[in-house]
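Printed here is my_file19.txt (compact mmCIF, C-alpha atoms):
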```txt
# COMPACT_ATOMS: atom_id res chain seq x y z
CA MET L 1 -120.26 -31.55 -47.53
CA THR L 2 -123.44 -30.26 -45.80
CA GLN L 3 -123.50 -27.86 -42.92
CA GLY L 4 -126.66 -26.17 -41.59
CA GLY L 5 -128.58 -27.21 -44.64
CA ARG L 6 -125.97 -25.70 -47.04
CA ARG L 7 -123.65 -27.57 -49.31
CA PHE L 8 -120.01 -26.52 -49.53
CA LYS L 9 -117.53 -27.58 -52.18
CA LYS L 10 -114.40 -29.05 -50.80
CA HIS L 11 -111.17 -27.67 -52.31
CA ASP L 12 -108.09 -29.78 -52.45
CA TYR L 13 -105.19 -27.34 -52.16
CA HIS L 14 -102.59 -30.08 -52.39
CA LYS L 15 -103.13 -30.44 -56.10
CA LYS L 16 -102.38 -26.72 -56.87
CA LYS L 17 -99.02 -25.76 -58.27
CA TYR L 18 -97.56 -22.50 -57.11
CA SER L 19 -94.56 -20.68 -58.57
CA ASN L 20 -92.54 -17.62 -57.64
CA PRO L 21 -92.59 -15.17 -60.55
CA LEU L 22 -89.09 -14.04 -59.60
CA PHE L 23 -87.73 -17.50 -60.20
CA ASN L 24 -89.57 -18.56 -63.35
CA ASN L 25 -87.64 -20.91 -65.54
CA LYS L 26 -86.51 -19.34 -68.84
CA LYS L 27 -88.40 -20.45 -71.87
CA THR L 28 -86.43 -22.46 -74.32
CA VAL L 29 -85.86 -20.53 -77.56
CA SER L 30 -85.96 -22.66 -80.63
CA PHE L 31 -84.92 -21.39 -84.14
CA SER L 32 -87.40 -22.11 -86.86
CA PHE L 33 -86.09 -21.59 -90.40
CA VAL L 34 -89.62 -21.97 -91.73
CA LYS L 35 -90.92 -19.20 -89.49
CA LEU L 36 -87.99 -16.95 -90.57
CA LEU L 37 -88.76 -17.48 -94.24
CA ALA L 38 -92.39 -16.68 -93.55
CA LYS L 39 -91.38 -13.29 -92.12
CA ILE L 40 -89.02 -12.30 -94.98
CA ASN L 41 -90.35 -9.89 -97.59
CA PHE L 42 -88.80 -11.37 -100.72
CA LYS L 43 -89.55 -8.33 -102.92
CA SER L 44 -87.74 -5.89 -100.62
CA THR L 45 -84.87 -8.30 -100.18
CA PHE L 46 -84.49 -8.73 -103.92
CA VAL L 47 -84.44 -4.94 -104.49
CA PHE L 48 -81.85 -4.50 -101.72
CA PHE L 49 -79.69 -7.22 -103.23
CA ILE L 50 -79.83 -5.64 -106.70
CA VAL L 51 -78.96 -2.17 -105.33
CA PHE L 52 -76.07 -3.65 -103.37
CA ILE L 53 -74.74 -5.41 -106.45
CA LEU L 54 -75.02 -2.18 -108.50
CA ILE L 55 -73.15 -0.15 -105.87
CA VAL L 56 -70.35 -2.69 -105.60
CA GLY L 57 -70.17 -2.92 -109.39
CA ALA L 58 -70.00 0.87 -109.76
CA ILE L 59 -67.22 1.13 -107.18
CA TRP L 60 -65.24 -1.56 -108.98
CA PHE L 61 -65.89 0.03 -112.40
CA PHE L 62 -64.78 3.53 -111.42
CA THR L 63 -61.83 2.55 -109.24
CA PHE L 64 -60.36 -0.76 -110.31
CA SER L 65 -61.37 -1.49 -113.90
CA ASN L 66 -59.07 -0.71 -116.82
CA TYR L 67 -61.68 1.53 -118.46
CA PHE L 68 -60.33 4.63 -116.70
CA ARG L 69 -56.69 3.55 -116.73
CA ILE L 70 -54.48 6.12 -118.51
CA GLN L 71 -53.61 4.80 -121.95
CA ASN L 72 -52.62 7.86 -123.98
CA ILE L 73 -50.72 11.12 -123.42
CA SER L 74 -51.19 13.80 -126.08
CA LEU L 75 -48.59 16.60 -126.18
CA THR L 76 -48.85 19.90 -128.03
CA ILE L 77 -45.54 21.56 -127.21
CA PRO L 78 -42.66 23.35 -129.03
CA SER L 79 -40.23 20.99 -130.76
CA LYS L 80 -37.31 22.15 -128.58
CA TYR L 81 -38.80 20.28 -125.60
CA SER L 82 -38.40 16.51 -125.20
CA GLN L 83 -41.70 14.66 -125.42
CA ALA L 84 -40.06 11.67 -123.76
CA GLU L 85 -39.21 13.79 -120.70
CA ILE L 86 -42.75 15.13 -120.42
CA ASN L 87 -44.16 11.60 -120.73
CA GLN L 88 -41.80 10.46 -118.00
CA LEU L 89 -43.10 13.20 -115.69
CA VAL L 90 -46.67 12.05 -116.31
CA TRP L 91 -45.92 8.41 -115.53
CA GLN L 92 -43.90 9.47 -112.52
CA GLU L 93 -47.00 11.18 -111.16
CA ALA L 94 -49.22 8.24 -112.16
CA ASP L 95 -47.06 5.80 -110.18
CA GLY L 96 -48.13 7.51 -106.96
CA LYS L 97 -51.20 6.87 -104.83
CA ALA L 98 -54.26 8.95 -103.95
CA LEU L 99 -55.07 7.51 -100.52
CA PHE L 100 -54.91 3.83 -101.49
CA PHE L 101 -56.10 4.30 -105.11
CA SER L 102 -53.71 4.14 -108.05
CA LYS L 103 -53.18 7.38 -109.95
CA HIS L 104 -53.01 5.34 -113.14
CA ASN L 105 -56.77 5.71 -112.85
CA ILE L 106 -57.44 9.03 -114.58
CA LEU L 107 -60.07 9.95 -111.98
CA PHE L 108 -57.38 10.07 -109.28
CA PHE L 109 -54.63 11.59 -111.45
CA ASN L 110 -53.52 15.00 -110.10
CA THR L 111 -53.12 17.52 -112.94
CA GLU L 112 -51.96 20.27 -110.57
CA ASN L 113 -48.91 18.20 -109.61
CA ILE L 114 -47.99 17.83 -113.28
CA ARG L 115 -48.30 21.57 -113.82
CA ASN L 116 -45.93 22.16 -110.92
CA LEU L 117 -43.43 19.57 -112.20
CA ILE L 118 -43.36 21.14 -115.67
CA ASN L 119 -43.13 24.71 -114.37
CA ASN L 120 -40.28 23.75 -112.04
CA ARG L 121 -38.28 22.13 -114.83
CA TYR L 122 -39.06 24.37 -117.82
CA THR L 123 -39.78 28.02 -118.51
CA VAL L 124 -43.09 27.94 -120.38
CA SER L 125 -46.34 29.88 -120.72
CA ASN L 126 -50.01 29.03 -121.34
CA LEU L 127 -49.55 25.62 -119.73
CA LYS L 128 -52.65 23.39 -119.81
CA VAL L 129 -53.04 19.87 -118.39
CA VAL L 130 -56.46 18.36 -119.10
CA LYS L 131 -57.95 14.95 -118.29
CA LYS L 132 -60.02 13.69 -121.22
CA LEU L 133 -62.17 10.78 -120.10
CA PRO L 134 -61.96 7.93 -120.12
CA ASN L 135 -58.17 7.47 -120.40
CA LYS L 136 -56.32 10.36 -122.08
CA ILE L 137 -54.13 13.19 -120.73
CA LEU L 138 -53.77 16.34 -122.85
CA ILE L 139 -50.78 18.64 -122.22
CA SER L 140 -50.00 21.83 -124.10
CA PHE L 141 -47.78 24.84 -123.53
CA GLU L 142 -45.79 27.49 -125.36
CA ASP L 143 -42.26 28.68 -124.98
CA LYS L 144 -41.86 31.54 -122.54
CA VAL L 145 -41.65 34.84 -124.39
CA TYR L 146 -39.58 37.57 -122.76
CA LYS L 147 -40.82 40.94 -123.99
CA ILE L 148 -39.05 43.48 -121.78
CA LEU L 149 -35.41 44.32 -121.06
CA TRP L 150 -34.82 45.17 -117.40
CA GLN L 151 -31.62 46.84 -116.18
CA GLU L 152 -30.50 47.17 -112.58
CA ALA L 153 -27.21 47.02 -110.63
CA ASN L 154 -25.26 46.81 -113.92
CA LEU L 155 -27.11 43.62 -114.85
CA ASN L 156 -29.50 42.92 -117.71
CA TYR L 157 -32.57 40.70 -117.57
CA LEU L 158 -35.27 39.62 -119.96
CA ILE L 159 -38.69 39.88 -118.29
CA SER L 160 -41.99 38.15 -119.03
CA PRO L 161 -44.80 40.68 -118.44
CA GLU L 162 -47.34 37.95 -117.71
CA ASP L 163 -45.70 36.63 -114.56
CA GLY L 164 -42.56 38.71 -113.98
CA LEU L 165 -40.12 35.82 -114.55
CA ALA L 166 -36.60 37.12 -115.18
CA LYS L 167 -33.71 35.66 -117.15
CA SER L 168 -30.20 37.09 -116.77
CA ILE L 169 -28.54 37.82 -120.12
CA ASP L 170 -25.45 39.34 -121.71
CA THR L 171 -26.66 42.04 -124.12
CA ASN L 172 -23.45 41.61 -126.12
CA LEU L 173 -24.51 38.08 -126.98
CA ILE L 174 -28.28 38.40 -127.20
CA LYS L 175 -30.08 40.77 -129.55
CA VAL L 176 -32.51 42.97 -127.64
CA ASP L 177 -33.27 45.63 -130.23
CA GLY L 178 -36.91 46.67 -130.26
CA LEU L 179 -37.66 45.52 -126.71
CA PRO L 180 -38.92 48.19 -124.31
CA THR L 181 -36.22 48.92 -121.74
CA ILE L 182 -36.81 49.58 -118.04
CA VAL L 183 -34.01 51.11 -115.99
CA ASN L 184 -34.28 50.60 -112.24
CA THR L 185 -32.35 53.25 -110.30
CA GLY L 186 -33.69 52.19 -106.89
CA GLN L 187 -33.45 49.11 -104.73
CA ILE L 188 -33.07 45.67 -106.29
CA LYS L 189 -36.41 44.38 -107.57
CA ILE L 190 -35.38 41.02 -109.03
CA VAL L 191 -35.11 38.26 -106.45
CA ASP L 192 -34.65 34.56 -107.31
CA ASN L 193 -35.12 35.25 -111.03
CA LYS L 194 -38.46 36.96 -110.55
CA LEU L 195 -39.58 40.56 -110.39
CA THR L 196 -40.99 41.39 -106.97
CA ASP L 197 -43.62 43.75 -108.44
CA THR L 198 -45.38 42.16 -111.42
CA LYS L 199 -47.99 44.94 -111.45
CA LEU L 200 -45.23 47.39 -112.34
CA VAL L 201 -43.94 45.55 -115.40
CA THR L 202 -47.46 44.77 -116.67
CA PHE L 203 -48.36 48.45 -116.43
CA ILE L 204 -45.23 49.50 -118.33
CA PHE L 205 -45.70 46.85 -121.02
CA THR L 206 -49.25 48.05 -121.67
CA ALA L 207 -48.18 51.70 -121.65
CA ASN L 208 -45.42 50.98 -124.16
CA MET L 209 -47.79 49.25 -126.59
CA GLN L 210 -50.29 52.13 -126.46
CA LEU L 211 -47.66 54.85 -126.77
CA ALA L 212 -46.00 53.08 -129.70
CA LYS L 213 -49.37 52.88 -131.46
CA ASN L 214 -50.65 56.40 -130.77
CA SER L 215 -47.58 58.61 -130.59
CA LYS L 216 -45.17 59.68 -133.32
CA PHE L 217 -42.37 60.12 -130.78
CA LYS L 218 -40.05 57.24 -129.98
CA ILE L 219 -39.44 56.04 -126.44
CA GLU L 220 -35.87 55.75 -125.22
CA ASN L 221 -36.62 53.88 -121.99
CA PHE L 222 -38.78 53.66 -118.89
CA ARG L 223 -37.33 54.54 -115.49
CA VAL L 224 -38.38 53.35 -112.04
CA GLY L 225 -36.96 53.95 -108.60
CA ASP L 226 -38.00 53.87 -104.96
CA ASP L 227 -40.94 56.28 -105.34
CA ILE L 228 -44.03 54.09 -105.03
CA GLY L 229 -46.08 54.01 -108.25
CA LEU L 230 -43.90 56.48 -110.16
CA ILE L 231 -42.89 55.59 -113.71
CA GLU L 232 -40.90 57.93 -115.92
CA VAL L 233 -41.08 57.60 -119.70
CA LYS L 234 -38.01 59.07 -121.40
CA PHE L 235 -38.67 59.99 -125.03
CA LYS L 236 -35.80 60.17 -127.51
CA ASP L 237 -34.87 63.82 -128.02
CA GLY L 238 -37.78 64.76 -125.80
CA PRO L 239 -39.02 65.22 -122.25
CA ILE L 240 -39.67 62.81 -119.42
CA VAL L 241 -43.34 61.94 -118.94
CA LYS L 242 -44.39 60.97 -115.42
CA LEU L 243 -47.06 58.29 -114.99
CA SER L 244 -48.46 56.53 -111.92
CA THR L 245 -49.40 52.88 -111.53
CA GLU L 246 -51.91 54.03 -108.89
CA GLU L 247 -54.00 55.94 -111.44
CA ASN L 248 -55.95 54.88 -114.52
CA LEU L 249 -53.50 54.40 -117.41
CA ASP L 250 -55.95 55.23 -120.20
CA LYS L 251 -56.88 58.53 -118.59
CA GLN L 252 -53.24 59.52 -118.10
CA LEU L 253 -52.35 58.68 -121.70
CA GLU L 254 -55.39 60.53 -123.03
CA LYS L 255 -54.16 63.70 -121.30
CA LEU L 256 -50.69 63.14 -122.74
CA TYR L 257 -52.02 62.70 -126.30
CA ASN L 258 -53.96 65.96 -126.00
CA ILE L 259 -50.84 67.76 -124.82
CA ILE L 260 -48.69 66.32 -127.61
CA ASN L 261 -51.15 66.78 -130.47
CA LEU L 262 -52.98 69.98 -129.49
CA LYS L 263 -51.12 72.12 -127.02
CA LEU L 264 -47.44 71.47 -127.61
CA LYS L 265 -47.33 70.09 -131.12
CA ASP L 266 -43.79 70.86 -132.40
CA ASP L 267 -42.73 72.26 -129.01
CA PHE L 268 -42.96 68.85 -127.34
CA LYS L 269 -39.22 68.11 -127.69
CA ASN L 270 -38.26 71.36 -125.97
CA LYS L 271 -39.89 70.47 -122.64
CA SER L 272 -38.10 68.94 -119.65
CA TYR L 273 -40.98 66.93 -118.21
CA ILE L 274 -44.73 66.44 -118.40
CA ASP L 275 -46.58 65.13 -115.36
CA VAL L 276 -50.03 63.62 -116.03
CA ARG L 277 -50.49 61.74 -112.73
CA TYR L 278 -52.94 64.00 -110.91
CA GLY L 279 -56.63 64.08 -111.85
CA ASP L 280 -57.36 66.45 -114.73
CA THR L 281 -54.26 68.53 -114.07
CA VAL L 282 -51.13 68.43 -116.22
CA TYR L 283 -47.82 69.89 -115.10
CA ILE L 284 -45.39 70.95 -117.82
CA LYS L 285 -41.90 72.35 -117.56
```
Write the structure described by the file as structure tokens, please.
Amino acid sequence: MTQGGRRFKKHDYHKKKYSNPLFNNKKTVSFSFVKLLAKINFKSTFVFFIVFILIVGAIWFFTFSNYFRIQNISLTIPSKYSQAEINQLVWQEADGKALFFSKHNILFFNTENIRNLINNRYTVSNLKVVKKLPNKILISFEDKVYKILWQEANLNYLISPEDGLAKSIDTNLIKVDGLPTIVNTGQIKIVDNKLTDTKLVTFIFTANMQLAKNSKFKIENFRVGDDIGLIEVKFKDGPIVKLSTEENLDKQLEKLYNIINLKLKDDFKNKSYIDVRYGDTVYIK
């Protein structure tokens, strides 16, 4: 088209296609397995697969395989105790569950529960329950040894100095010669077959061993009451020696040995009491 000597290009707007961007048709998504394979890193995938297999295998091996299943129970115990009963306690514990895992698997077996079961049924000492991988339980203990005679409220008890366990006895039926004797003149100290103050009996047991080894004078008995920390040692044909559980035992006995061997010598039996509880001071009457 020419107008005023110029040529203009004629546009045909009818052939244009217009679209509203707000109403565009969604593109059709097509899955291409070939394109997916092209994007996969086969090396990384292989490593991941191997790691996954190893983790699953390890979980199965440690939790469900028979490798860690308890096969043997080894007992080292005094002959007076029934091995069949101890074995039964072990299998009783193994029949339980730890969450949803069987305790027949030694990794989930609870040794503390077995210790409690044995201690509740028997009176023993030095109890050990050990898991020996992959499938063995070791149990050992010794018979409880009562090394002290305790007297209170007209009753007699045998006491274990390690834990204060008490066993009521009739001294007419049981031989107690040679055992250190403790006479309690105060409030009852044995409750539910156990001494309420284990520190007290341990202190006395140690004192008795040292005095028996280092003194030529024989001990008649030890006496305790309601005075906190006070222990009286009554020597046969001799004085009462006052000790304190609140003070160092070795230091108190060292003072006593010096009094017996150096100061009093043959006059020791003529004294009423010797008090070695306070520092470097000794009271003698």
One decimal, Å: what's the distance from CA of Lys255 (chain L) over to CA of Thr281 (chain L), could you say?
->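 Computing it gives 8.7 Å between the two atoms.
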Pick from L:Leu155, L:Ile284, L:Thr198, L:Ser125, whichever lies nearest to Ser140 (chain L) using only C-alpha atoms |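 Smallest separation from Ser140 (chain L) among the options: L:Ser125.
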Which of L:Glu247, L:Phe101, L:Thr185, L:Leu195 sits closest to Asp227 (chain L) [using only C-alpha atoms] |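 Between L:Glu247, L:Phe101, L:Thr185, L:Leu195, the residue approaching Asp227 (chain L) most closely is L:Thr185.
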Would you work out the distance separating CA of Thr123 (chain L) from CA of Asn72 (chain L), expressed in Å to one decimal?
->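 For CA of Thr123 (chain L) relative to CA of Asn72 (chain L), the distance reads 24.5 Å.
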One decimal, Å: what's the distance from CA of Thr202 (chain L) over to CA of Thr245 (chain L), could you say?
->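 We find that CA of Thr202 (chain L) and CA of Thr245 (chain L) lie 9.8 Å from each other.
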Which is closer to Tyr278 (chain L) than all the others in L:Asn248, L:Gln83, L:Ser44, L:Asn110, using only C-alpha atoms?
->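 Closest residue, counting only C-alpha atoms: L:Asn248.
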Nearest candidate to Gly279 (chain L) (options L:Gln252, L:Asn154, L:Gln92, L:Asn172; using only C-alpha atoms) =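 Answer, going by the shortest atom-to-atom distance: L:Gln252.
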Using 12 Å as the limit and counting all atoms listed in the file, can you tabulate each residue of region 113-209 of chain L that touches region 48-67 of chain L, with its shortest atom-to-atom distance in Å and the two atoms involved, as a Markdown table?
```
| residue | atom | partner | partner_atom | distance |
| --- | --- | --- | --- | --- |
| L:Leu133 | CA | L:Tyr67 | CA | 9.4 |
| L:Pro134 | CA | L:Tyr67 | CA | 6.6 |
| L:Asn135 | CA | L:Tyr67 | CA | 7.2 |
| L:Lys136 | CA | L:Tyr67 | CA | 10.9 |
```
Save out the residues we just selected, C-alpha atoms, as a PDB file, in the frame of the given file.
```pdb
ATOM      1  CA  LEU L 133     -62.170  10.780-120.100  1.00  0.00           C
ATOM      2  CA  PRO L 134     -61.960   7.930-120.120  1.00  0.00           C
ATOM      3  CA  ASN L 135     -58.170   7.470-120.400  1.00  0.00           C
ATOM      4  CA  LYS L 136     -56.320  10.360-122.080  1.00  0.00           C
TER       5      LYS L 136
END
```
In terms of the shortest atom-to-atom distance over all atoms listed in the file, which of L:Asp237, L:Ser244, L:Lys251, L:Asp143 is closest to Asn270 (chain L)?
->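 Using all atoms listed in the file, Asn270 (chain L) sits closest to L:Asp237.
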Which protein, DNA or RNA residues have an atom at most 12 Å from (-40.7, 52.6, -125.0), counting all atoms listed in the file? List them as a ChimeraX atom specification.
-> /L:147-149,177-183,204-213,215-223,231-236,240-241
Nearest candidate to Ile169 (chain L) (options L:Phe268, L:Leu243, L:Lys263, L:Asn156; using all atoms listed in the file) |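 The closest residue to Ile169 (chain L) is L:Asn156.
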Selection near Ile70 (chain L), 12 Å with only C-alpha atoms, sequence-local residues under 2 positions removed, as a ChimeraX atom specification | /L:65-68,72-74,87,90-91,93-95,102-109,131-138
